[in-house]
Structure formats: structure tokens, C-alpha cells
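So this one's start27.txt, compact mmCIF, C-alpha atoms:
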```txt
# COMPACT_ATOMS: atom_id res chain seq x y z
CA MET A 26 33.96 14.25 8.47
CA SER A 27 30.34 13.18 8.20
CA SER A 28 28.90 10.97 10.92
CA ASN A 29 27.04 7.77 10.11
CA ALA A 30 23.82 9.56 11.06
CA ASP A 31 24.55 12.32 8.52
CA LYS A 32 25.37 9.73 5.86
CA PHE A 33 22.13 7.90 6.58
CA LEU A 34 20.00 11.05 6.38
CA SER A 35 21.64 11.97 3.08
CA VAL A 36 20.77 8.59 1.53
CA ALA A 37 17.34 8.18 3.10
CA SER A 38 15.94 11.65 2.41
CA VAL A 39 15.28 11.04 -1.28
CA PHE A 40 13.54 8.09 -2.95
CA PRO A 41 15.42 7.41 -6.21
CA ASP A 42 13.28 7.73 -9.35
CA ASP A 43 14.63 4.46 -10.76
CA ALA A 44 14.19 2.40 -7.59
CA LEU A 45 11.57 -0.37 -7.31
CA THR A 46 9.64 0.86 -10.34
CA ASP A 47 7.37 -2.22 -10.42
CA GLN A 48 6.34 -1.79 -6.76
CA ARG A 49 5.36 1.88 -6.70
CA VAL A 50 1.58 1.46 -6.84
CA TYR A 51 -0.69 0.58 -3.91
CA GLU A 52 -2.82 -2.40 -4.93
CA HIS A 53 -6.51 -1.85 -4.22
CA PRO A 54 -9.63 -2.06 -6.44
CA LEU A 55 -10.35 1.65 -5.96
CA VAL A 56 -6.82 2.93 -6.62
CA GLN A 57 -7.01 2.93 -10.40
CA ARG A 58 -10.37 4.68 -10.24
CA TYR A 59 -9.77 7.36 -7.64
CA ALA A 60 -6.20 7.61 -6.31
CA THR A 61 -3.59 10.05 -7.57
CA LYS A 62 -0.22 8.72 -8.63
CA GLU A 63 1.38 10.53 -5.69
CA MET A 64 -0.94 9.05 -3.05
CA SER A 65 -0.69 5.59 -4.54
CA PHE A 66 3.09 5.78 -4.22
CA VAL A 67 2.89 6.84 -0.56
CA TRP A 68 1.06 3.59 0.26
CA SER A 69 2.94 1.38 -2.20
CA PRO A 70 5.07 -1.65 -1.29
CA ALA A 71 8.12 0.29 -2.47
CA MET A 72 7.51 3.09 0.03
CA LYS A 73 6.49 0.75 2.85
CA PHE A 74 9.39 -1.66 2.75
CA ALA A 75 12.05 0.92 1.87
CA THR A 76 10.88 2.76 5.00
CA TRP A 77 11.30 -0.47 6.98
CA ARG A 78 14.93 -0.55 5.83
CA LYS A 79 15.43 3.11 6.68
CA LEU A 80 14.09 2.47 10.19
CA TRP A 81 16.40 -0.53 10.66
CA THR A 82 19.36 1.54 9.48
CA ALA A 83 18.41 4.43 11.76
CA LEU A 84 18.13 2.00 14.68
CA ALA A 85 21.54 0.45 14.02
CA THR A 86 23.10 3.89 13.62
CA ALA A 87 21.72 5.02 16.97
CA GLU A 88 22.78 1.77 18.65
CA GLN A 89 26.34 2.27 17.38
CA GLU A 90 26.38 5.83 18.73
CA LEU A 91 25.22 4.50 22.10
CA GLY A 92 28.08 2.03 22.28
CA LEU A 93 27.04 -1.28 20.73
CA GLU A 94 29.64 -3.11 18.64
CA ILE A 95 28.34 -2.14 15.20
CA THR A 96 30.89 -1.30 12.55
CA ASP A 97 30.92 1.50 10.01
CA GLU A 98 31.16 -1.17 7.32
CA GLN A 99 27.89 -2.75 8.46
CA LEU A 100 26.11 0.60 8.43
CA GLU A 101 27.49 1.43 4.99
CA GLU A 102 26.22 -1.89 3.69
CA MET A 103 22.75 -1.14 5.03
CA ARG A 104 22.71 2.38 3.60
CA SER A 105 23.77 1.05 0.20
CA HIS A 106 20.81 -1.31 -0.06
CA LEU A 107 17.85 0.72 1.21
CA PHE A 108 16.10 0.45 -2.15
CA ASP A 109 17.46 -2.91 -3.32
CA ILE A 110 14.49 -5.08 -2.31
CA ASN A 111 13.90 -8.59 -3.64
CA PHE A 112 10.18 -9.00 -3.08
CA ASP A 113 10.15 -12.61 -4.30
CA LEU A 114 12.78 -13.59 -1.73
CA ALA A 115 10.91 -11.70 1.00
CA ALA A 116 7.71 -13.57 0.13
CA ALA A 117 9.55 -16.92 0.18
CA LYS A 118 11.11 -16.15 3.56
CA GLU A 119 7.76 -14.98 4.93
CA ALA A 120 6.22 -18.30 3.91
CA GLU A 121 9.13 -20.14 5.53
CA PHE A 122 9.05 -18.25 8.83
CA ARG A 123 5.33 -17.34 8.72
CA HIS A 124 6.31 -13.81 9.70
CA ASP A 125 6.28 -10.80 7.38
CA VAL A 126 8.92 -8.82 9.26
CA MET A 127 11.34 -11.76 9.42
CA GLY A 128 10.80 -12.26 5.69
CA HIS A 129 12.09 -8.76 5.01
CA VAL A 130 14.85 -9.01 7.62
CA HIS A 131 16.26 -11.95 5.70
CA ALA A 132 15.73 -10.22 2.31
CA PHE A 133 17.70 -7.23 3.65
CA GLY A 134 20.36 -9.52 5.08
CA ASP A 135 20.71 -11.25 1.72
CA VAL A 136 22.03 -8.05 0.11
CA ALA A 137 23.74 -6.82 3.30
CA PRO A 138 25.19 -10.05 4.72
CA LYS A 139 27.74 -8.38 7.01
CA ALA A 140 24.92 -6.38 8.59
CA MET A 141 22.56 -9.35 8.99
CA PRO A 142 23.38 -9.91 12.70
CA ILE A 143 22.39 -6.33 13.59
CA ILE A 144 19.29 -5.84 11.43
CA HIS A 145 16.26 -5.39 13.73
CA LEU A 146 18.59 -5.78 16.74
CA GLY A 147 16.55 -5.52 19.94
CA ALA A 148 13.43 -4.29 18.16
CA THR A 149 9.90 -5.62 17.94
CA SER A 150 7.84 -5.92 14.77
CA CYS A 151 5.80 -2.85 15.66
CA TYR A 152 8.96 -0.77 15.46
CA VAL A 153 8.96 -1.03 11.69
CA GLY A 154 5.26 -1.73 11.18
CA ASP A 155 3.69 1.01 13.27
CA ASN A 156 6.34 3.67 12.64
CA THR A 157 6.07 3.09 8.89
CA ASP A 158 2.29 3.52 9.11
CA ILE A 159 2.87 6.86 10.83
CA VAL A 160 5.42 7.93 8.20
CA GLN A 161 2.93 7.07 5.46
CA ILE A 162 0.12 8.90 7.24
CA ARG A 163 2.32 11.99 7.57
CA GLU A 164 3.35 11.85 3.91
CA SER A 165 -0.32 11.53 2.97
CA LEU A 166 -1.23 14.56 5.07
CA LEU A 167 1.59 16.58 3.49
CA LEU A 168 0.25 15.66 0.07
CA VAL A 169 -3.30 16.64 1.06
CA LYS A 170 -1.94 19.91 2.46
CA ARG A 171 -0.26 20.76 -0.86
CA LYS A 172 -3.43 19.88 -2.77
CA LEU A 173 -5.54 22.04 -0.46
CA VAL A 174 -3.26 25.03 -1.07
CA GLN A 175 -3.63 24.54 -4.82
CA VAL A 176 -7.42 24.28 -4.60
CA LEU A 177 -7.66 27.37 -2.40
CA GLN A 178 -5.60 29.36 -4.89
CA ILE A 179 -7.88 28.29 -7.75
CA LEU A 180 -11.01 29.12 -5.74
CA LYS A 181 -9.57 32.48 -4.73
CA ASP A 182 -9.10 33.43 -8.39
CA PHE A 183 -12.62 32.19 -9.13
CA ALA A 184 -14.12 34.17 -6.23
CA VAL A 185 -12.40 37.39 -7.32
CA LYS A 186 -13.46 36.90 -10.93
CA TYR A 187 -17.14 36.38 -10.05
CA ARG A 188 -17.42 38.56 -6.96
CA ASP A 189 -20.01 40.81 -8.63
CA LEU A 190 -22.00 38.13 -10.45
CA PRO A 191 -25.46 37.86 -8.84
CA THR A 192 -26.95 34.48 -8.08
CA LEU A 193 -29.97 33.33 -6.13
CA GLY A 194 -29.35 31.77 -2.76
CA PHE A 195 -31.43 28.84 -1.58
CA THR A 196 -32.53 27.58 1.84
CA HIS A 197 -34.35 24.32 2.41
CA TYR A 198 -34.39 23.90 -1.38
CA GLN A 199 -36.39 27.10 -1.78
CA PRO A 200 -35.34 30.42 -3.35
CA ALA A 201 -34.01 32.86 -0.77
CA GLN A 202 -32.14 36.17 -1.13
CA LEU A 203 -29.59 37.26 -3.67
CA THR A 204 -25.88 36.67 -3.17
CA THR A 205 -22.94 36.58 -5.56
CA VAL A 206 -21.09 33.63 -7.02
CA GLY A 207 -17.86 34.98 -5.54
CA LYS A 208 -19.39 35.24 -2.05
CA ARG A 209 -20.68 31.69 -2.28
CA CYS A 210 -17.22 30.52 -3.31
CA CYS A 211 -15.77 32.19 -0.22
CA LEU A 212 -17.98 29.96 1.92
CA TRP A 213 -16.52 26.89 0.21
CA MET A 214 -13.06 28.29 0.87
CA GLN A 215 -13.84 28.87 4.52
CA GLU A 216 -14.59 25.18 5.02
CA LEU A 217 -11.46 24.18 3.11
CA MET A 218 -9.41 26.56 5.28
CA MET A 219 -10.74 24.78 8.36
CA ASP A 220 -9.65 21.49 6.78
CA TYR A 221 -6.23 22.98 5.99
CA GLU A 222 -5.73 24.17 9.57
CA ARG A 223 -6.71 20.75 10.93
CA VAL A 224 -4.35 18.97 8.55
CA CYS A 225 -1.51 21.29 9.60
CA LEU A 226 -2.27 20.55 13.26
CA GLU A 227 -2.22 16.79 12.65
CA ILE A 228 1.13 17.04 10.83
CA GLU A 229 2.62 19.09 13.66
CA LYS A 230 1.32 16.89 16.50
CA LEU A 231 1.55 13.41 14.92
CA PRO A 232 3.90 11.42 17.18
CA MET A 233 6.16 8.56 16.14
CA ARG A 234 5.72 5.30 18.02
CA GLY A 235 9.27 5.30 19.27
CA VAL A 236 11.59 2.35 19.81
CA LYS A 237 10.42 -0.41 22.13
CA GLY A 238 11.76 -3.87 22.75
CA THR A 239 9.80 -7.07 22.21
CA THR A 240 6.33 -6.96 23.79
CA GLY A 241 6.97 -3.29 24.58
CA THR A 242 8.92 -3.95 27.79
CA GLN A 243 12.31 -2.74 26.47
CA ALA A 244 13.86 -5.80 28.13
CA THR A 245 15.81 -6.58 24.95
CA PHE A 246 17.47 -3.16 25.00
CA LEU A 247 18.23 -3.45 28.70
CA GLU A 248 19.99 -6.74 27.93
CA LEU A 249 21.89 -5.30 24.95
CA PHE A 250 23.11 -2.36 27.02
CA ASP A 251 23.82 -4.41 30.18
CA GLY A 252 21.00 -2.81 32.11
CA ASP A 253 22.12 0.75 31.35
```

For this file, write the structure as C-alpha cells.
Amino acid sequence: MSSNADKFLSVASVFPDDALTDQRVYEHPLVQRYATKEMSFVWSPAMKFATWRKLWTALATAEQELGLEITDEQLEEMRSHLFDINFDLAAAKEAEFRHDVMGHVHAFGDVAPKAMPIIHLGATSCYVGDNTDIVQIRESLLLVKRKLVQVLQILKDFAVKYRDLPTLGFTHYQPAQLTTVGKRCCLWMQELMMDYERVCLEIEKLPMRGVKGTTGTQATFLELFDGD
């Protein structure tokens, strides 16, 4: 029998193609001019606030495993509404409470009313805000990594094709000695390989923020777990 953690990972691992279709673009004046569709989605409201809900569900799942009185029914309700976000309601609640996180807590609770008492339980705003930033940064780096591999493959084919084609090298904007187009391309590739290695390192070493209580003291969790 699958655990609640397994059920959560199964639901959260894939972003449905038909979910939040009108919120899948990051709004910025330069996006339409320069951004790819994939990168725009990574930083879109759909990705950001669905990740908030995933983090809340992961938190509640872990709290249940550690002994808090959270029911399977509450967790199922949360898992079933990860991508069911009413942005108009969230905006209205944010205006009411003057707090963006509380706006989305109440929007989540509206579609998962049985789970409302445990959404964001013990957490601080930075739990969803900062960790989501890190998730988006990591997804961006993974996208850049894939693009770098594609570019390097294209440049490799180009370098092989033109490895014997002579061209004049320049230094300080003056003609220098002969080289080949393929050799010059290898120098471009060398720099891109350095970028690729650095991106891989950042992906491997990028830490999550973790789970802290309000103001980072963890006092809320100590209270929830009776000091244990």
C-alpha cells in the first residue's frame, strides 16, 4: 500500500498540460522579446503557486508521519487540488489580509476546506516563498543545462565540418596567423563547456532553505510537537 508521501510524489512530479493554462507565462516586458516558452513557464504564476501548494502538502505529509493529528482525508484533499488555483480569490484575500501568502492559504483552503486548519501549519512565509524561488532557480538551471548540451552538439558538428577550412586569426583587431574555422569553433565550445560544468555544479550543490518556524526560531514546531 502506498504511503501518503508516495501518493504526493506521484501527483506532484508532473505538471498537467491542461492546468492553469492562462497563468503559464511570466509577465515581464522582456519576456515576449527574449524568453523561451519553457523558461517563461518556470517563472510563471502557475509554476510558482502550484509549487507553494506542493510545499504545503509535503509539509503536512511530513507532519503526519511525525505524529501530528492530520488525517489521510485531509492530505488527499490537498493532493487533489494542487493545480486548482483561483487567482481572483487569492488576490481578493491578499487585499483583505494584506499578505500574499495568507491570500493563497485561503484560496487553497477554499477548495480543500477539510485541510484548511493544517495548511501552512507551523510554517513561516519564507518556507513557501524562498523554497519556491530555489525550485524555480533549479528548474531554470536544468533548462539551461539541456540547452547547453544542444548547442555543444551543434557546434561539434560545425567544428568537424570546417576543421580544415583556413581563416585568418586576429589580435587587437589586426590580422595575425592562420587558423581554421573548426579550431576557432573549438575555442567557443571550450568556454561553453566551462559554463556547462559550472551549471552542473550549481545544480548539484544548490541547497533548499529547509523548514523553519515563524521568524526562523522553530518555536512554532516546538509547540506543535510539545517540545520534542

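If you measure from each of A:Ala140, A:Glu222, A:Leu80, A:Glu119 to A:Asp155 using all atoms listed in the file, the closest one turns out to be A:Leu80.
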
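Among the candidates A:Leu231, A:Ile159, A:Val169, A:Ala75, the residue lying nearest to A:Val130 is A:Ala75 (atoms considered: all atoms listed in the file).
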
For stretch 158-182 of chain A versus stretch 57-61 of chain A, which residues have an atom no more than 12 Å away, and what is each residue's nearest atom pair and distance in Å rounded to one decimal, using all atoms listed in the file, chain-then-number order, as a Markdown table?
```
| residue | atom | partner | partner_atom | distance |
| --- | --- | --- | --- | --- |
| A:Ser165 | CA | A:Thr61 | CA | 11.1 |
| A:Leu168 | CA | A:Thr61 | CA | 10.2 |
| A:Val169 | CA | A:Thr61 | CA | 10.9 |
| A:Lys172 | CA | A:Thr61 | CA | 10.9 |
```

Taking C-alpha atoms for each residue, export the selection above as a PDB file, in the frame of the given file.
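result.pdb written:
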```
ATOM      1  CA  SER A 165      -0.320  11.530   2.970  1.00  0.00           C
ATOM      2  CA  LEU A 168       0.250  15.660   0.070  1.00  0.00           C
ATOM      3  CA  VAL A 169      -3.300  16.640   1.060  1.00  0.00           C
ATOM      4  CA  LYS A 172      -3.430  19.880  -2.770  1.00  0.00           C
TER       5      LYS A 172
END
```

One decimal place gives the atom CA of A:Lys32-atom CA of A:Arg104 separation as 8.1 Å

Expressed in Å, the length from atom CA of A:Pro41 to atom CA of A:Thr149 is 28.0 Å

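Counting from atom CA of A:Leu167, the distance to atom CA of A:Phe66 is 13.4 Å.
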
Between A:Lys208, A:Arg188, A:Lys79, A:His145, smallest distance to A:Phe40 by all atoms listed in the file belongs to A:Lys79

Nearest to A:Met103, restricted to all atoms listed in the file and choosing among A:Cys225, A:Ile179, A:Leu84, A:Cys210, comes out as A:Leu84

Nearest to A:Trp68 by atom-to-atom distance, counting only C-alpha atoms, from A:Thr157, A:Ser35, A:Thr86, A:Thr46: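 For A:Trp68, the nearest of the given residues is A:Thr157.
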
| query | A:Ala116: which residues within 9 Å, counting only C-alpha atoms, same-chain residues fewer than 2 positions away excluded, as a list in words? | reply |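 So, after excluding close chain neighbours, the residues are Asn111, Phe112, Asp113, Leu114, Lys118, Glu119, Ala120, Glu121, Asp125, Gly128, His129 and Ala132 of chain A.
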
If you keep C-alpha atoms, can you produce a file of those selected residues as a short mmCIF file (atom, residue, chain, number, x, y, z; two decimals), in the coordinates of the input?
```cif
data_model
loop_
_atom_site.label_atom_id
_atom_site.label_comp_id
_atom_site.auth_asym_id
_atom_site.auth_seq_id
_atom_site.Cartn_x
_atom_site.Cartn_y
_atom_site.Cartn_z
CA ASN A 111 13.90 -8.59 -3.64
CA PHE A 112 10.18 -9.00 -3.08
CA ASP A 113 10.15 -12.61 -4.30
CA LEU A 114 12.78 -13.59 -1.73
CA LYS A 118 11.11 -16.15 3.56
CA GLU A 119 7.76 -14.98 4.93
CA ALA A 120 6.22 -18.30 3.91
CA GLU A 121 9.13 -20.14 5.53
CA ASP A 125 6.28 -10.80 7.38
CA GLY A 128 10.80 -12.26 5.69
CA HIS A 129 12.09 -8.76 5.01
CA ALA A 132 15.73 -10.22 2.31
#
```

- prompt: Quick one: of A:His53, A:Arg78, A:Arg171, A:His131, who's nearest to A:Val153, counting only C-alpha atoms?
  reply: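 Smallest separation from A:Val153 among the options: A:Arg78.
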
Item to check | Shell around A:Met72 at 12 Å using all atoms listed in the file, local window under 5 positions removed, as a PyMOL selection string | outcome: chain A and resi 37+39-42+44-51+63-67+77-79+107-108+110+157-158+160-162+164-165

Since we have the selection now, will you write its residues out, keeping C-alpha atoms, as a JSON list (two decimals), keeping the file's coordinate frame?
```
[["chain", "number", "residue", "atom", "x", "y", "z"],
["A", 37, "ALA", "CA", 17.34, 8.18, 3.10],
["A", 39, "VAL", "CA", 15.28, 11.04, -1.28],
["A", 40, "PHE", "CA", 13.54, 8.09, -2.95],
["A", 41, "PRO", "CA", 15.42, 7.41, -6.21],
["A", 42, "ASP", "CA", 13.28, 7.73, -9.35],
["A", 44, "ALA", "CA", 14.19, 2.40, -7.59],
["A", 45, "LEU", "CA", 11.57, -0.37, -7.31],
["A", 46, "THR", "CA", 9.64, 0.86, -10.34],
["A", 47, "ASP", "CA", 7.37, -2.22, -10.42],
["A", 48, "GLN", "CA", 6.34, -1.79, -6.76],
["A", 49, "ARG", "CA", 5.36, 1.88, -6.70],
["A", 50, "VAL", "CA", 1.58, 1.46, -6.84],
["A", 51, "TYR", "CA", -0.69, 0.58, -3.91],
["A", 63, "GLU", "CA", 1.38, 10.53, -5.69],
["A", 64, "MET", "CA", -0.94, 9.05, -3.05],
["A", 65, "SER", "CA", -0.69, 5.59, -4.54],
["A", 66, "PHE", "CA", 3.09, 5.78, -4.22],
["A", 67, "VAL", "CA", 2.89, 6.84, -0.56],
["A", 77, "TRP", "CA", 11.30, -0.47, 6.98],
["A", 78, "ARG", "CA", 14.93, -0.55, 5.83],
["A", 79, "LYS", "CA", 15.43, 3.11, 6.68],
["A", 107, "LEU", "CA", 17.85, 0.72, 1.21],
["A", 108, "PHE", "CA", 16.10, 0.45, -2.15],
["A", 110, "ILE", "CA", 14.49, -5.08, -2.31],
["A", 157, "THR", "CA", 6.07, 3.09, 8.89],
["A", 158, "ASP", "CA", 2.29, 3.52, 9.11],
["A", 160, "VAL", "CA", 5.42, 7.93, 8.20],
["A", 161, "GLN", "CA", 2.93, 7.07, 5.46],
["A", 162, "ILE", "CA", 0.12, 8.90, 7.24],
["A", 164, "GLU", "CA", 3.35, 11.85, 3.91],
["A", 165, "SER", "CA", -0.32, 11.53, 2.97]]
```

If I wrap all listed atoms of stretch 225-240 of chain A in a box with edges along x, y and z and add 6 Å on each side, what are its centre and edge lengths in Å to one decimal, as lines of an AutoDock Vina configuration file?
```
center_x = 4.7
center_y = 7.1
center_z = 16.7
size_x = 26.0
size_y = 40.4
size_z = 26.2
```

Need to verify the contact set: A:Leu226, 12 Å, only C-alpha atoms, exclusion of same-chain residues closer than 4 positions in sequence. Can you return it as an mmCIF file with C-alpha atoms, keeping the file's coordinate frame?
```cif
data_model
loop_
_atom_site.group_PDB
_atom_site.id
_atom_site.type_symbol
_atom_site.label_atom_id
_atom_site.label_comp_id
_atom_site.auth_asym_id
_atom_site.auth_seq_id
_atom_site.Cartn_x
_atom_site.Cartn_y
_atom_site.Cartn_z
ATOM 1 C CA ARG A 163 2.320 11.990 7.570
ATOM 2 C CA LEU A 166 -1.230 14.560 5.070
ATOM 3 C CA LEU A 167 1.590 16.580 3.490
ATOM 4 C CA LYS A 170 -1.940 19.910 2.460
ATOM 5 C CA MET A 219 -10.740 24.780 8.360
ATOM 6 C CA ASP A 220 -9.650 21.490 6.780
ATOM 7 C CA TYR A 221 -6.230 22.980 5.990
ATOM 8 C CA GLU A 222 -5.730 24.170 9.570
ATOM 9 C CA LYS A 230 1.320 16.890 16.500
ATOM 10 C CA LEU A 231 1.550 13.410 14.920
ATOM 11 C CA PRO A 232 3.900 11.420 17.180
#
```

>> List the spatial neighbours of stretch 237-242 of chain A as a list of chain:residue names - criterion: any atom at most 12 Å away, all atoms listed in the file, same-chain residues fewer than 2 positions off excluded.
In response: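 In the requested form, the answer reads A:Leu84, A:His145, A:Leu146, A:Gly147, A:Ala148, A:Thr149, A:Ser150, A:Cys151, A:Tyr152, A:Val153, A:Asp155, A:Asn156, A:Met233, A:Arg234, A:Gly235, A:Ala244, A:Thr245, A:Phe246, A:Leu247, A:Glu248, A:Leu249.
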
Would you save the residues from that selection as a short mmCIF file (atom, residue, chain, number, x, y, z; two decimals), in the coordinates of the input, using C-alpha atoms?
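Wrote part_8.cif, looks like this:
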```cif
data_model
loop_
_atom_site.label_atom_id
_atom_site.label_comp_id
_atom_site.auth_asym_id
_atom_site.auth_seq_id
_atom_site.Cartn_x
_atom_site.Cartn_y
_atom_site.Cartn_z
CA LEU A 84 18.13 2.00 14.68
CA HIS A 145 16.26 -5.39 13.73
CA LEU A 146 18.59 -5.78 16.74
CA GLY A 147 16.55 -5.52 19.94
CA ALA A 148 13.43 -4.29 18.16
CA THR A 149 9.90 -5.62 17.94
CA SER A 150 7.84 -5.92 14.77
CA CYS A 151 5.80 -2.85 15.66
CA TYR A 152 8.96 -0.77 15.46
CA VAL A 153 8.96 -1.03 11.69
CA ASP A 155 3.69 1.01 13.27
CA ASN A 156 6.34 3.67 12.64
CA MET A 233 6.16 8.56 16.14
CA ARG A 234 5.72 5.30 18.02
CA GLY A 235 9.27 5.30 19.27
CA ALA A 244 13.86 -5.80 28.13
CA THR A 245 15.81 -6.58 24.95
CA PHE A 246 17.47 -3.16 25.00
CA LEU A 247 18.23 -3.45 28.70
CA GLU A 248 19.99 -6.74 27.93
CA LEU A 249 21.89 -5.30 24.95
#
```

| request: Give me the residues within 8 Å of A:Cys211 as a list in words, counting all atoms listed in the file and dropping any in the same chain fewer than 6 places off. | output: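 Residues near the query, excluding close chain neighbours: Leu180, Lys181 and Ala184 of chain A.
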